[in-house]
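Dropping final-v6.pdb in here (PDB, C-alpha atoms):
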ATOM      1  CA  MET A  14     131.321  87.896  88.535
ATOM      2  CA  ARG A  15     128.689  90.208  87.086
ATOM      3  CA  ALA A  16     126.313  87.332  86.340
ATOM      4  CA  ALA A  17     126.664  86.018  89.892
ATOM      5  CA  GLY A  18     125.825  89.463  91.302
ATOM      6  CA  ALA A  19     122.790  89.791  89.065
ATOM      7  CA  LYS A  20     121.639  86.306  90.063
ATOM      8  CA  ALA A  21     122.022  87.180  93.748
ATOM      9  CA  TRP A  22     119.964  90.361  93.311
ATOM     10  CA  ALA A  23     117.295  88.420  91.430
ATOM     11  CA  GLN A  24     117.075  85.915  94.303
ATOM     12  CA  ILE A  25     116.795  88.739  96.852
ATOM     13  CA  ALA A  26     114.059  90.432  94.796
ATOM     14  CA  ALA A  27     112.177  87.152  94.411
ATOM     15  CA  GLY A  28     112.368  86.545  98.160
ATOM     16  CA  ALA A  29     111.117  90.056  98.929
ATOM     17  CA  PHE A  30     108.281  89.634  96.438
ATOM     18  CA  ALA A  31     107.294  86.315  98.020
ATOM     19  CA  ALA A  32     107.313  87.923 101.481
ATOM     20  CA  VAL A  33     105.001  90.708 100.274
ATOM     21  CA  ILE A  34     102.623  88.161  98.732
ATOM     22  CA  VAL A  35     102.508  86.145 101.964
ATOM     23  CA  MET A  36     101.830  89.326 103.954
ATOM     24  CA  MET A  37      99.029  90.373 101.579
ATOM     25  CA  ILE A  38      97.401  86.944 101.741
ATOM     26  CA  SER A  39      97.460  87.022 105.538
ATOM     27  CA  MET A  40      95.959  90.531 105.548
ATOM     28  CA  ILE A  41      93.180  89.459 103.178
ATOM     29  CA  GLY A  42      92.447  86.409 105.321
ATOM     30  CA  ALA A  43      92.333  88.556 108.455
ATOM     31  CA  SER A  44      89.946  91.050 106.879
ATOM     32  CA  LEU A  45      87.616  88.270 105.743
ATOM     33  CA  SER A  46      87.468  86.606 109.125
ATOM     34  CA  ALA A  47      87.302  89.742 111.295
ATOM     35  CA  GLY A  48      83.818  91.017 111.972
ATOM     36  CA  ASP A  49      81.938  88.776 109.561
ATOM     37  CA  THR A  50      79.447  87.221 111.989
ATOM     38  CA  ALA A  51      75.812  88.226 111.528
ATOM     39  CA  PRO A  52      75.705  90.488 114.641
ATOM     40  CA  ASP A  53      78.992  92.163 113.627
ATOM     41  CA  LEU A  54      77.731  92.791 110.108
ATOM     42  CA  GLU A  55      74.444  94.138 111.429
ATOM     43  CA  LYS A  56      76.383  96.523 113.692
ATOM     44  CA  GLY A  57      78.512  97.615 110.721
ATOM     45  CA  LYS A  58      75.408  98.149 108.606
ATOM     46  CA  THR A  59      73.740 100.222 111.318
ATOM     47  CA  LEU A  60      76.879 102.336 111.750
ATOM     48  CA  PHE A  61      77.293 102.752 107.982
ATOM     49  CA  HIS A  62      73.724 103.979 107.638
ATOM     50  CA  ALA A  63      74.064 106.313 110.646
ATOM     51  CA  LYS A  64      77.549 107.714 109.990
ATOM     52  CA  CYS A  65      77.946 107.456 106.202
ATOM     53  CA  GLY A  66      74.442 107.029 104.823
ATOM     54  CA  TYR A  67      73.666 110.722 104.496
ATOM     55  CA  CYS A  68      76.111 110.834 101.565
ATOM     56  CA  HIS A  69      76.579 107.187 100.587
ATOM     57  CA  LEU A  70      73.058 105.761 100.340
ATOM     58  CA  GLN A  71      70.844 106.049  97.263
ATOM     59  CA  GLY A  72      70.508 109.717  96.232
ATOM     60  CA  GLY A  73      73.302 110.930  98.516
ATOM     61  CA  THR A  74      75.932 113.384  97.320
ATOM     62  CA  GLY A  75      78.716 110.827  97.687
ATOM     63  CA  THR A  76      76.784 108.272  95.658
ATOM     64  CA  ILE A  77      76.055 110.823  92.937
ATOM     65  CA  MET A  78      79.706 111.943  92.791
ATOM     66  CA  LEU A  79      80.961 108.352  92.666
ATOM     67  CA  GLY A  80      78.461 107.676  89.875
ATOM     68  CA  PHE A  81      79.962 110.523  87.835
ATOM     69  CA  ARG A  82      83.527 109.422  88.529
ATOM     70  CA  LEU A  83      83.241 105.628  88.432
ATOM     71  CA  GLY A  84      79.905 104.832  86.806
ATOM     72  CA  LYS A  85      76.528 104.018  88.303
ATOM     73  CA  ASP A  86      77.410 100.364  88.846
ATOM     74  CA  ARG A  87      80.148 101.386  91.326
ATOM     75  CA  ALA A  88      78.373 104.329  92.972
ATOM     76  CA  LEU A  89      76.654 102.569  95.883
ATOM     77  CA  LEU A  90      79.288 101.481  98.384
ATOM     78  CA  GLU A  91      77.056  98.740  99.821
ATOM     79  CA  ASN A  92      76.966  97.008  96.424
ATOM     80  CA  ARG A  93      80.707  97.165  95.727
ATOM     81  CA  THR A  94      82.916  94.092  95.959
ATOM     82  CA  ASP A  95      86.228  95.746  95.068
ATOM     83  CA  LEU A  96      86.831  97.675  98.295
ATOM     84  CA  THR A  97      89.309  96.689 100.982
ATOM     85  CA  ALA A  98      89.050  97.545 104.654
ATOM     86  CA  ALA A  99      92.400  99.338 104.520
ATOM     87  CA  TYR A 100      91.222 101.523 101.628
ATOM     88  CA  ILE A 101      87.926 102.382 103.338
ATOM     89  CA  GLU A 102      89.722 103.304 106.560
ATOM     90  CA  HIS A 103      92.306 105.396 104.697
ATOM     91  CA  VAL A 104      89.691 107.326 102.692
ATOM     92  CA  ALA A 105      87.592 107.927 105.797
ATOM     93  CA  ARG A 106      90.573 109.306 107.731
ATOM     94  CA  ALA A 107      92.252 111.264 104.918
ATOM     95  CA  GLY A 108      89.235 112.274 102.830
ATOM     96  CA  ILE A 109      89.170 112.144  99.044
ATOM     97  CA  GLY A 110      87.865 114.562  96.442
ATOM     98  CA  SER A 111      84.970 116.485  97.974
ATOM     99  CA  MET A 112      84.642 114.014 100.869
ATOM    100  CA  PRO A 113      86.037 115.519 104.059
ATOM    101  CA  ARG A 114      88.186 113.448 106.382
ATOM    102  CA  LEU A 115      86.407 111.930 109.370
ATOM    103  CA  THR A 116      88.046 112.395 112.748
ATOM    104  CA  ARG A 117      88.262 109.730 115.429
ATOM    105  CA  ILE A 118      85.770 111.797 117.411
ATOM    106  CA  GLU A 119      83.206 111.649 114.599
ATOM    107  CA  VAL A 120      83.827 107.962 113.879
ATOM    108  CA  PRO A 121      85.986 106.107 116.422
ATOM    109  CA  ASP A 122      88.391 103.467 115.082
ATOM    110  CA  SER A 123      86.248 100.610 116.413
ATOM    111  CA  GLU A 124      83.197 101.930 114.548
ATOM    112  CA  LEU A 125      85.203 102.506 111.370
ATOM    113  CA  LYS A 126      86.453  98.907 111.521
ATOM    114  CA  SER A 127      82.847  97.678 111.833
ATOM    115  CA  ILE A 128      81.800  99.808 108.860
ATOM    116  CA  ALA A 129      84.740  98.542 106.805
ATOM    117  CA  ALA A 130      83.933  94.930 107.762
ATOM    118  CA  TYR A 131      80.337  95.446 106.618
ATOM    119  CA  LEU A 132      81.339  97.030 103.300
ATOM    120  CA  THR A 133      83.900  94.284 102.611
ATOM    121  CA  ARG A 134      81.740  91.413 103.852
ATOM    122  CA  PRO A 135      82.110  88.071 102.083
ATOM    123  CA  ALA A 136      79.791  87.330  99.179
ATOM    124  CA  THR A 137      77.992  84.720 101.289
ATOM    125  CA  ALA A 138      76.971  87.418 103.777
ATOM    126  CA  ARG A 139      75.950  90.101 101.265
ATOM    127  CA  ASP A 140      72.300  89.107 100.893
ATOM    128  CA  THR A 141      71.630  88.652 104.588
ATOM    129  CA  ALA A 142      73.202  91.970 105.651
ATOM    130  CA  LYS A 143      71.587  94.221 103.029
TER     131      LYS A 143
END
Here is the file; what I need is its structure written in the form of structure tokens.
Amino acid sequence: MRAAGAKAWAQIAAGAFAAVIVMMISMIGASLSAGDTAPDLEKGKTLFHAKCGYCHLQGGTGTIMLGFRLGKDRALLENRTDLTAAYIEHVARAGIGSMPRLTRIEVPDSELKSIAAYLTRPATARDTAK
């Protein structure tokens, strides 16, 4: 009886794991397809430079701090390929380290989504949007 119970729990866990994987794949696909047209990326770039650039462009405090924490190769957000839209949106809203949180008045959700789409743009769009 014990073996049957353990087998049942293993099947439930495997099913839950598969459901999480499917959900993550769909989220990744949605983030790659949302806002990745040239005009959308240009809008995201413009917003990033206007709203975030003071700290997160070359020589900015955020870039310097990220360089100390993560290394110079990961300091410039525009050059990173390991960021997700969800992470960018969370950090912007909650703040992290010495970065203050950004309110929806400072950066509305629609603008934050454009910025996140720009920073997480597909590799094929990186050269054209820089």
Taken to one decimal, the CA of Cys68 in chain A-CA of Thr50 in chain A distance is 26.0 Å
Env of Gly75 in chain A: 12 Å cut, atoms = all atoms listed in the file, seq-sep filter 3 positions within chain, self excluded. Answer as a list of chain:residue names.
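The contact residues come out as A:Cys65, A:Gly66, A:Tyr67, A:Cys68, A:His69, A:Leu70, A:Gln71, A:Gly72, A:Met78, A:Leu79, A:Gly80, A:Phe81, A:Arg82, A:Leu83, A:Lys85, A:Arg87, A:Ala88, A:Leu89, A:Leu90, A:Gly108, A:Ile109, A:Gly110, A:Ser111, A:Met112, A:Pro113.
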Could you state which residues are captured by the PyMOL selection byres ((chain A and resi 119-124) around 10) in this file, as a ChimeraX atom specification?
/A:56-57,60-61,64-65,102,105-106,114-118,125-130
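Put simply, CA of Pro135 in chain A is 24.8 Å away from CA of Gly73 in chain A.
Among the candidates A:Leu132, A:Thr59, A:Asp53, A:Ala138, the residue lying nearest to Tyr100 in chain A is A:Leu132 (atoms considered: only C-alpha atoms).
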Rounded to one decimal place, report the CA of Glu55 in chain A-CA of Arg134 in chain A distance in Å.
10.9 Å
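Closest approach to Lys58 in chain A from the set A:Tyr131, A:Leu96, A:Ala136, A:Gly84 is made by A:Tyr131, with distances taken over all atoms listed in the file.
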My structure is short of atoms at range 71-86 of chain A; please model N, CA and C atoms there, returning them as a PDB file, keeping the file's coordinate frame.
ATOM      1  N   GLN A  71      71.470 105.645  98.519  1.00  0.00           N
ATOM      2  CA  GLN A  71      70.844 106.049  97.263  1.00  0.00           C
ATOM      3  C   GLN A  71      70.444 107.528  97.323  1.00  0.00           C
ATOM      4  N   GLY A  72      70.862 108.299  96.317  1.00  0.00           N
ATOM      5  CA  GLY A  72      70.508 109.717  96.232  1.00  0.00           C
ATOM      6  C   GLY A  72      71.422 110.647  97.001  1.00  0.00           C
ATOM      7  N   GLY A  73      72.375 110.097  97.751  1.00  0.00           N
ATOM      8  CA  GLY A  73      73.302 110.930  98.516  1.00  0.00           C
ATOM      9  C   GLY A  73      74.364 111.553  97.628  1.00  0.00           C
ATOM     10  N   THR A  74      74.914 112.669  98.090  1.00  0.00           N
ATOM     11  CA  THR A  74      75.932 113.384  97.320  1.00  0.00           C
ATOM     12  C   THR A  74      77.116 112.495  96.980  1.00  0.00           C
ATOM     13  N   GLY A  75      77.584 111.708  97.942  1.00  0.00           N
ATOM     14  CA  GLY A  75      78.716 110.827  97.687  1.00  0.00           C
ATOM     15  C   GLY A  75      78.406 109.784  96.622  1.00  0.00           C
ATOM     16  N   THR A  76      77.200 109.256  96.654  1.00  0.00           N
ATOM     17  CA  THR A  76      76.784 108.272  95.658  1.00  0.00           C
ATOM     18  C   THR A  76      76.703 108.913  94.279  1.00  0.00           C
ATOM     19  N   ILE A  77      76.157 110.110  94.216  1.00  0.00           N
ATOM     20  CA  ILE A  77      76.055 110.823  92.937  1.00  0.00           C
ATOM     21  C   ILE A  77      77.448 111.125  92.380  1.00  0.00           C
ATOM     22  N   MET A  78      78.344 111.617  93.237  1.00  0.00           N
ATOM     23  CA  MET A  78      79.706 111.943  92.791  1.00  0.00           C
ATOM     24  C   MET A  78      80.454 110.691  92.333  1.00  0.00           C
ATOM     25  N   LEU A  79      80.315 109.605  93.084  1.00  0.00           N
ATOM     26  CA  LEU A  79      80.961 108.352  92.666  1.00  0.00           C
ATOM     27  C   LEU A  79      80.377 107.852  91.346  1.00  0.00           C
ATOM     28  N   GLY A  80      79.089 108.060  91.140  1.00  0.00           N
ATOM     29  CA  GLY A  80      78.461 107.676  89.875  1.00  0.00           C
ATOM     30  C   GLY A  80      79.061 108.433  88.704  1.00  0.00           C
ATOM     31  N   PHE A  81      79.321 109.728  88.892  1.00  0.00           N
ATOM     32  CA  PHE A  81      79.962 110.523  87.835  1.00  0.00           C
ATOM     33  C   PHE A  81      81.380 110.055  87.581  1.00  0.00           C
ATOM     34  N   ARG A  82      82.112 109.782  88.654  1.00  0.00           N
ATOM     35  CA  ARG A  82      83.527 109.422  88.529  1.00  0.00           C
ATOM     36  C   ARG A  82      83.746 107.988  88.078  1.00  0.00           C
ATOM     37  N   LEU A  83      82.961 107.052  88.639  1.00  0.00           N
ATOM     38  CA  LEU A  83      83.241 105.628  88.432  1.00  0.00           C
ATOM     39  C   LEU A  83      82.165 104.876  87.660  1.00  0.00           C
ATOM     40  N   GLY A  84      81.030 105.503  87.454  1.00  0.00           N
ATOM     41  CA  GLY A  84      79.905 104.832  86.806  1.00  0.00           C
ATOM     42  C   GLY A  84      78.873 104.406  87.828  1.00  0.00           C
ATOM     43  N   LYS A  85      77.631 104.325  87.384  1.00  0.00           N
ATOM     44  CA  LYS A  85      76.528 104.018  88.303  1.00  0.00           C
ATOM     45  C   LYS A  85      76.660 102.656  88.960  1.00  0.00           C
ATOM     46  N   ASP A  86      77.281 101.703  88.287  1.00  0.00           N
ATOM     47  CA  ASP A  86      77.410 100.364  88.846  1.00  0.00           C
ATOM     48  C   ASP A  86      78.374 100.322  90.032  1.00  0.00           C
TER      49      ASP A  86
END
